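Participant: Pasting entry38.txt below, which is compact mmCIF, C-alpha atoms.
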# COMPACT_ATOMS: atom_id res chain seq x y z
CA MET A 13 -37.93 44.29 -24.60
CA GLU A 14 -38.23 41.57 -21.98
CA THR A 15 -35.04 39.73 -21.11
CA TYR A 16 -34.77 35.97 -20.95
CA ASN A 17 -34.51 36.06 -17.14
CA SER A 18 -37.67 38.17 -16.82
CA LEU A 19 -39.64 35.48 -18.64
CA ILE A 20 -38.66 32.81 -16.08
CA PRO A 21 -41.15 32.41 -13.21
CA PRO A 22 -39.60 33.45 -9.86
CA TYR A 23 -39.81 29.96 -8.34
CA LEU A 24 -37.79 28.56 -11.25
CA HIS A 25 -34.88 30.91 -10.50
CA PHE A 26 -34.35 29.08 -7.21
CA VAL A 27 -34.40 25.68 -8.95
CA ILE A 28 -31.98 26.81 -11.66
CA ASP A 29 -29.61 28.39 -9.14
CA ASN A 30 -29.54 25.18 -7.12
CA MET A 31 -28.93 23.10 -10.23
CA ALA A 32 -26.01 25.36 -11.14
CA ALA A 33 -24.58 25.06 -7.64
CA HIS A 34 -24.87 21.25 -7.81
CA CYS A 35 -23.13 21.24 -11.19
CA ASP A 36 -20.30 23.34 -9.77
CA ARG A 37 -19.90 20.97 -6.83
CA ASP A 38 -20.01 17.97 -9.15
CA ARG A 39 -17.30 19.52 -11.34
CA MET A 40 -15.16 20.23 -8.28
CA ALA A 41 -15.69 16.69 -6.95
CA SER A 42 -14.88 15.23 -10.38
CA ARG A 43 -11.71 17.34 -10.58
CA GLY A 44 -10.75 16.26 -7.07
CA ASN A 45 -11.32 12.59 -7.90
CA LEU A 46 -9.25 12.96 -11.07
CA GLU A 47 -6.38 14.60 -9.19
CA THR A 48 -6.52 11.92 -6.49
CA GLY A 49 -6.50 9.22 -9.15
CA LYS A 50 -3.48 10.75 -10.86
CA LEU A 51 -1.67 11.07 -7.54
CA ARG A 52 -2.39 7.46 -6.66
CA GLN A 53 -1.16 6.32 -10.09
CA ASN A 54 2.04 8.34 -9.67
CA MET A 55 2.66 6.93 -6.20
CA GLU A 56 2.02 3.37 -7.39
CA GLU A 57 4.42 3.82 -10.30
CA GLN A 58 7.15 5.02 -7.96
CA LEU A 59 6.49 2.13 -5.60
CA ASP A 60 6.55 -0.35 -8.50
CA ARG A 61 9.95 0.99 -9.56
CA LEU A 62 11.40 0.56 -6.07
CA MET A 63 9.89 -2.90 -5.65
CA GLN A 64 11.35 -3.90 -9.02
CA GLN A 65 14.77 -2.73 -7.79
CA LEU A 66 14.44 -4.96 -4.74
CA GLN A 67 13.24 -7.89 -6.83
CA ASP A 68 16.07 -7.51 -9.35
CA LEU A 69 18.54 -7.32 -6.49
CA GLU A 70 17.29 -10.59 -4.98
CA GLU A 71 17.35 -12.32 -8.37
CA CYS A 72 20.96 -11.20 -8.95
CA ARG A 73 22.15 -11.88 -5.41
CA GLU A 74 24.34 -14.84 -6.36
CA GLU A 75 26.19 -12.67 -8.88
CA LEU A 76 27.10 -10.06 -6.25
CA ASP A 77 29.46 -10.27 -3.33
CA GLU A 78 27.88 -9.80 0.09
CA GLU A 79 29.17 -6.24 0.56
CA GLU A 80 27.85 -5.12 -2.82
CA TYR A 81 24.49 -6.77 -2.15
CA GLU A 82 24.10 -5.14 1.27
CA GLU A 83 25.13 -1.72 -0.01
CA THR A 84 22.71 -1.84 -2.93
CA LYS A 85 19.89 -3.01 -0.71
CA LYS A 86 20.63 -0.27 1.80
CA GLU A 87 20.47 2.35 -0.96
CA THR A 88 17.09 1.02 -2.14
CA LEU A 89 15.68 1.01 1.39
CA GLU A 90 16.89 4.60 1.81
CA GLN A 91 15.02 5.53 -1.37
CA LEU A 92 11.94 3.83 0.07
CA SER A 93 12.36 5.82 3.26
CA GLU A 94 12.54 9.07 1.27
CA PHE A 95 9.45 8.02 -0.67
CA ASN A 96 7.71 7.29 2.63
CA ASP A 97 8.57 10.78 3.92
CA SER A 98 7.10 12.35 0.77
CA LEU A 99 3.97 10.25 1.11
CA LYS A 100 3.61 11.24 4.76
CA LYS A 101 3.64 14.95 3.79
CA ILE A 102 1.04 14.35 1.09
CA LEU A 103 -1.27 12.48 3.48
CA LYS A 104 -0.98 14.94 6.37
CA GLY A 105 -4.40 16.30 7.25
CA ASP A 106 -6.19 14.88 4.18
CA MET A 107 -8.48 12.03 5.23
CA THR A 108 -9.51 11.35 1.63
CA LEU A 109 -5.91 10.62 0.72
CA VAL A 110 -5.42 8.64 3.93
CA ASP A 111 -8.24 6.36 2.80
CA GLU A 112 -6.73 6.13 -0.70
CA LEU A 113 -3.04 5.81 0.13
CA GLY A 114 -2.83 4.90 3.82
CA GLY A 115 -2.41 1.22 3.04
CA MET A 116 0.49 2.08 0.78
CA GLN A 117 2.37 3.73 3.62
CA LEU A 118 1.81 0.73 5.89
CA ALA A 119 3.23 -1.53 3.18
CA ILE A 120 6.23 0.76 2.65
CA GLN A 121 6.93 0.84 6.38
CA ALA A 122 6.75 -2.97 6.43
CA ALA A 123 9.43 -2.98 3.72
CA ILE A 124 11.65 -0.38 5.42
CA SER A 125 11.56 -2.25 8.74
CA GLN A 126 12.09 -5.49 6.76
CA ALA A 127 9.07 -7.04 8.41
CA PHE A 128 8.21 -7.85 4.77
CA LYS A 129 10.99 -8.92 2.40
CA THR A 130 9.06 -10.08 -0.67
CA PRO A 131 8.66 -7.24 -3.23
CA GLU A 132 5.57 -8.68 -4.91
CA VAL A 133 3.78 -9.17 -1.58
CA ILE A 134 4.64 -5.58 -0.58
CA ARG A 135 3.33 -4.34 -3.93
CA LEU A 136 0.01 -6.21 -3.60
CA PHE A 137 -0.35 -5.08 0.01
CA ALA A 138 0.23 -1.45 -0.99
CA LYS A 139 -2.34 -1.68 -3.79
CA LYS A 140 -4.91 -3.35 -1.52
CA GLN A 141 -5.21 -6.53 -3.59
CA PRO A 142 -6.39 -9.25 -1.15
CA GLY A 143 -7.69 -11.41 -3.99
CA GLN A 144 -4.29 -11.51 -5.69
CA LEU A 145 -2.58 -12.15 -2.36
CA ARG A 146 -4.81 -15.18 -1.80
CA THR A 147 -4.11 -16.37 -5.35
CA ARG A 148 -0.37 -16.11 -4.73
CA LEU A 149 -0.77 -18.05 -1.48
CA ALA A 150 -2.68 -20.83 -3.25
CA GLU A 151 0.09 -21.05 -5.87
CA MET A 152 2.70 -21.25 -3.11
CA ASP A 153 0.75 -24.06 -1.41
CA ARG A 154 0.96 -26.06 -4.64
CA ASP A 155 4.62 -25.22 -5.27
CA VAL A 156 5.79 -26.28 -1.82
CA MET A 157 3.89 -29.56 -2.13
CA VAL A 158 5.70 -30.48 -5.37
CA GLY A 159 9.09 -29.22 -4.23
CA LYS A 160 9.25 -26.10 -6.44
CA LEU A 161 9.46 -23.85 -3.37
CA SER A 162 11.58 -24.37 -0.30
CA ARG A 163 9.88 -24.65 3.07
CA ASP A 164 11.81 -21.66 4.46
CA VAL A 165 10.82 -19.34 1.60
CA TYR A 166 7.25 -20.63 1.79
CA THR A 167 7.03 -19.89 5.51
CA GLN A 168 8.47 -16.39 5.16
CA GLN A 169 6.17 -15.40 2.30
CA LYS A 170 3.08 -17.01 3.80
CA VAL A 171 3.58 -15.07 7.04
CA GLU A 172 3.90 -11.85 5.02
CA ILE A 173 0.77 -12.60 3.00
CA LEU A 174 -1.31 -13.51 6.05
CA THR A 175 -0.18 -10.35 7.83
CA ALA A 176 -1.05 -8.24 4.78
CA LEU A 177 -4.48 -9.88 4.54
CA ARG A 178 -5.15 -9.19 8.20
CA LYS A 179 -4.13 -5.54 7.79
CA LEU A 180 -6.47 -5.27 4.80
CA GLY A 181 -9.35 -6.42 7.00
CA GLU A 182 -9.56 -9.95 5.61
CA LYS A 183 -10.77 -12.78 7.84
CA LEU A 184 -8.17 -15.47 8.51
CA THR A 185 -8.93 -19.06 9.39
CA ALA A 186 -7.99 -20.39 12.82
CA GLU A 187 -5.31 -22.48 11.09
CA ASP A 188 -3.82 -19.39 9.44
CA GLU A 189 -3.88 -17.46 12.71
CA THR A 190 -1.97 -20.29 14.38
CA PHE A 191 0.56 -20.44 11.54
CA LEU A 192 1.07 -16.69 11.82
CA SER A 193 1.61 -16.70 15.57
CA GLU A 194 4.04 -19.64 15.39
CA ASN A 195 6.17 -18.26 12.54
CA ALA A 196 6.21 -14.48 12.92
CA THR A 197 9.70 -12.95 12.98
CA ALA A 198 10.77 -10.38 15.56
CA SER A 199 10.59 -7.53 13.02
CA LEU A 200 7.12 -8.60 11.91
CA SER A 201 5.91 -8.90 15.51
CA GLN A 202 7.16 -5.36 16.14
CA PHE A 203 5.37 -4.15 13.00
CA GLU A 204 2.18 -5.81 14.22
CA LYS A 205 2.57 -4.25 17.65
CA VAL A 206 2.97 -0.74 16.23
CA THR A 207 0.04 -1.04 13.82
CA GLY A 208 -2.36 -3.16 15.88
CA ASN A 209 -5.85 -1.98 16.81
CA MET A 210 -5.60 1.49 15.28
CA GLY A 211 -7.34 3.34 12.49
CA SER A 212 -5.50 4.17 9.28
CA GLU A 213 -4.49 7.69 10.29
CA ASP A 214 -3.36 6.53 13.74
CA LYS A 215 -1.27 3.78 12.16
CA ILE A 216 0.39 6.22 9.82
CA MET A 217 1.25 8.70 12.57
CA ALA A 218 2.52 5.92 14.85
CA LEU A 219 4.67 4.46 12.09
CA ALA A 220 6.03 7.87 11.19
CA SER A 221 7.39 8.33 14.70
CA SER A 222 8.23 4.72 15.54
CA GLY A 223 11.78 3.44 15.77
CA VAL A 224 11.12 0.10 14.15
CA LYS A 225 14.51 -1.46 13.54
CA THR A 226 15.44 -4.44 11.43
CA LYS A 227 15.55 -7.61 13.49
CA THR A 228 16.18 -11.22 12.64
Can you dump the structure from the file as C-alpha cells?
Facilitator:
Amino acid sequence: METYNSLIPPYLHFVIDNMAAHCDRDRMASRGNLETGKLRQNMEEQLDRLMQQLQDLEECREELDEEEYEETKKETLEQLSEFNDSLKKILKGDMTLVDELGGMQLAIQAAISQAFKTPEVIRLFAKKQPGQLRTRLAEMDRDVMVGKLSRDVYTQQKVEILTALRKLGEKLTAEDETFLSENATASLSQFEKVTGNMGSEDKIMALASSGVKTKT
C-alpha cells in the first residue's frame, strides 16, 4: 500500500518542509514576543509601585517630620536602585530587551540620581509616552497661568518633561531648548552629560558604572 508521503510529488516535499520550518520559527517568535511582553508588563508594574510610593510620600510630606520624610525617601530610592540592578542583569547582552526596556532604565537612573523628582514624569518617560508628556506640559502651562501651579514647581517639572522628550527622540522648539539650558539643575546636567550622544546600550552601560550623585 502506498503511504501518504509517497503520493506527494518530490518537489512538494521541499515546499512543505519549508512551510513547517517557517511555522516553527513563527511559533518561536510569537513565544518570544509573548515572554517579552509579560516581562515588560511585570517591570512596568514594579516601577508603577515604586513611583506610587514616591508620589504618596510627596503628598504626605507635610504630615511627616523631616527626618522621617528623608528616611522613607531614602528607602524608596534604595528599592529603585535594587530594581535597576535587576533590570541591568535582564538587559545584559539582549538587544531586543534593550530596545524594549532601555528607556525604562534611563528613567530609573534619572530618579535615583534625583535629576527627575516627579513620579508621574518618570513613569511616562519609562513607558515611552511622549504624547502624554506633552499633554501634561500643556496642562501645566494652563495651570501656571491661572495660579493653580507655582512657578518653581512648574519650572522643575517642565525641565524634566523637556529632558524626557529629548531622550525619547522628540524635537524641541528653540524656545524649549533655551528654557532647558537656562533652568537645568546640576543633577540634571550631569544626567544629560552621562547619557548624551550615545545609543541605548551605551547609555545603559555608562549609567550602570557612573557615579551620578544627588546635587542641588
Participant: Can you tell me which residues surround Ala123 of chain A at a distance of at most 12 Å, considering all atoms listed in the file, apart from same-chain residues fewer than 3 positions away, and format the answer as JSON, numbers by chain?
Facilitator: {"A": [59, 62, 63, 66, 85, 86, 88, 89, 90, 91, 92, 93, 95, 96, 116, 117, 118, 119, 120, 126, 127, 128, 129, 130, 131, 132, 133, 134, 135, 137, 138, 172, 176, 199, 200, 203, 224, 225, 226]}
Participant: Name the closest residue to Val206 of chain A among the candidates A:Ser193, A:Gln67, A:Gln121, A:Gln144; distances are taken between atoms, counting all atoms listed in the file.
Facilitator: A:Gln121
Participant: Please, what distance in Å, to one decimal, runs between atom CA of Leu149 of chain A and atom CA of Thr175 of chain A?
Facilitator: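 Taking atom CA of Leu149 of chain A and atom CA of Thr175 of chain A, their separation equals 12.1 Å.
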Participant: Write out as a compact mmCIF listing (two decimals) with C-alpha atoms, in the coordinates of the input which residues come within 12 Å of Ala150 of chain A when counting all atoms listed in the file, dropping same-chain ones fewer than 4 positions away.
Facilitator:
# COMPACT_ATOMS: atom_id res chain seq x y z
CA GLY A 143 -7.69 -11.41 -3.99
CA GLN A 144 -4.29 -11.51 -5.69
CA LEU A 145 -2.58 -12.15 -2.36
CA ARG A 146 -4.81 -15.18 -1.80
CA ARG A 154 0.96 -26.06 -4.64
CA ASP A 155 4.62 -25.22 -5.27
CA VAL A 156 5.79 -26.28 -1.82
CA MET A 157 3.89 -29.56 -2.13
CA TYR A 166 7.25 -20.63 1.79
CA GLN A 169 6.17 -15.40 2.30
CA LYS A 170 3.08 -17.01 3.80
CA ILE A 173 0.77 -12.60 3.00
CA LEU A 174 -1.31 -13.51 6.05
Participant: Quick one: what's the axis-aligned box for segment 128-140 of chain A, all listed atoms, 3 Å on every side, centre and edges in Å to one decimal, as AutoDock Vina command-line options?
Facilitator:
--center_x 3.0 --center_y -5.8 --center_z -0.1 --size_x 21.9 --size_y 14.6 --size_z 15.7
Participant: From the set A:Lys100, A:Lys179, A:Leu184, A:Gln64, which residue has the shortest atom-to-atom contact distance to Ala122 of chain A, counting only C-alpha atoms?
Facilitator: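 The shortest atom-to-atom distance to Ala122 of chain A comes from A:Lys179.
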Participant: Nearest residue to Leu99 of chain A out of A:Asp60, A:Leu136, A:Glu71, A:Asn54, using all atoms listed in the file?
Facilitator: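 Of A:Asp60, A:Leu136, A:Glu71, A:Asn54, the one nearest Leu99 of chain A is A:Asn54, counting all atoms listed in the file.
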Participant: From the options A:Leu103, A:Leu109, A:Leu180, A:Val158, which residue's atoms come nearest to Lys140 of chain A, counting only C-alpha atoms?
Facilitator: A:Leu180
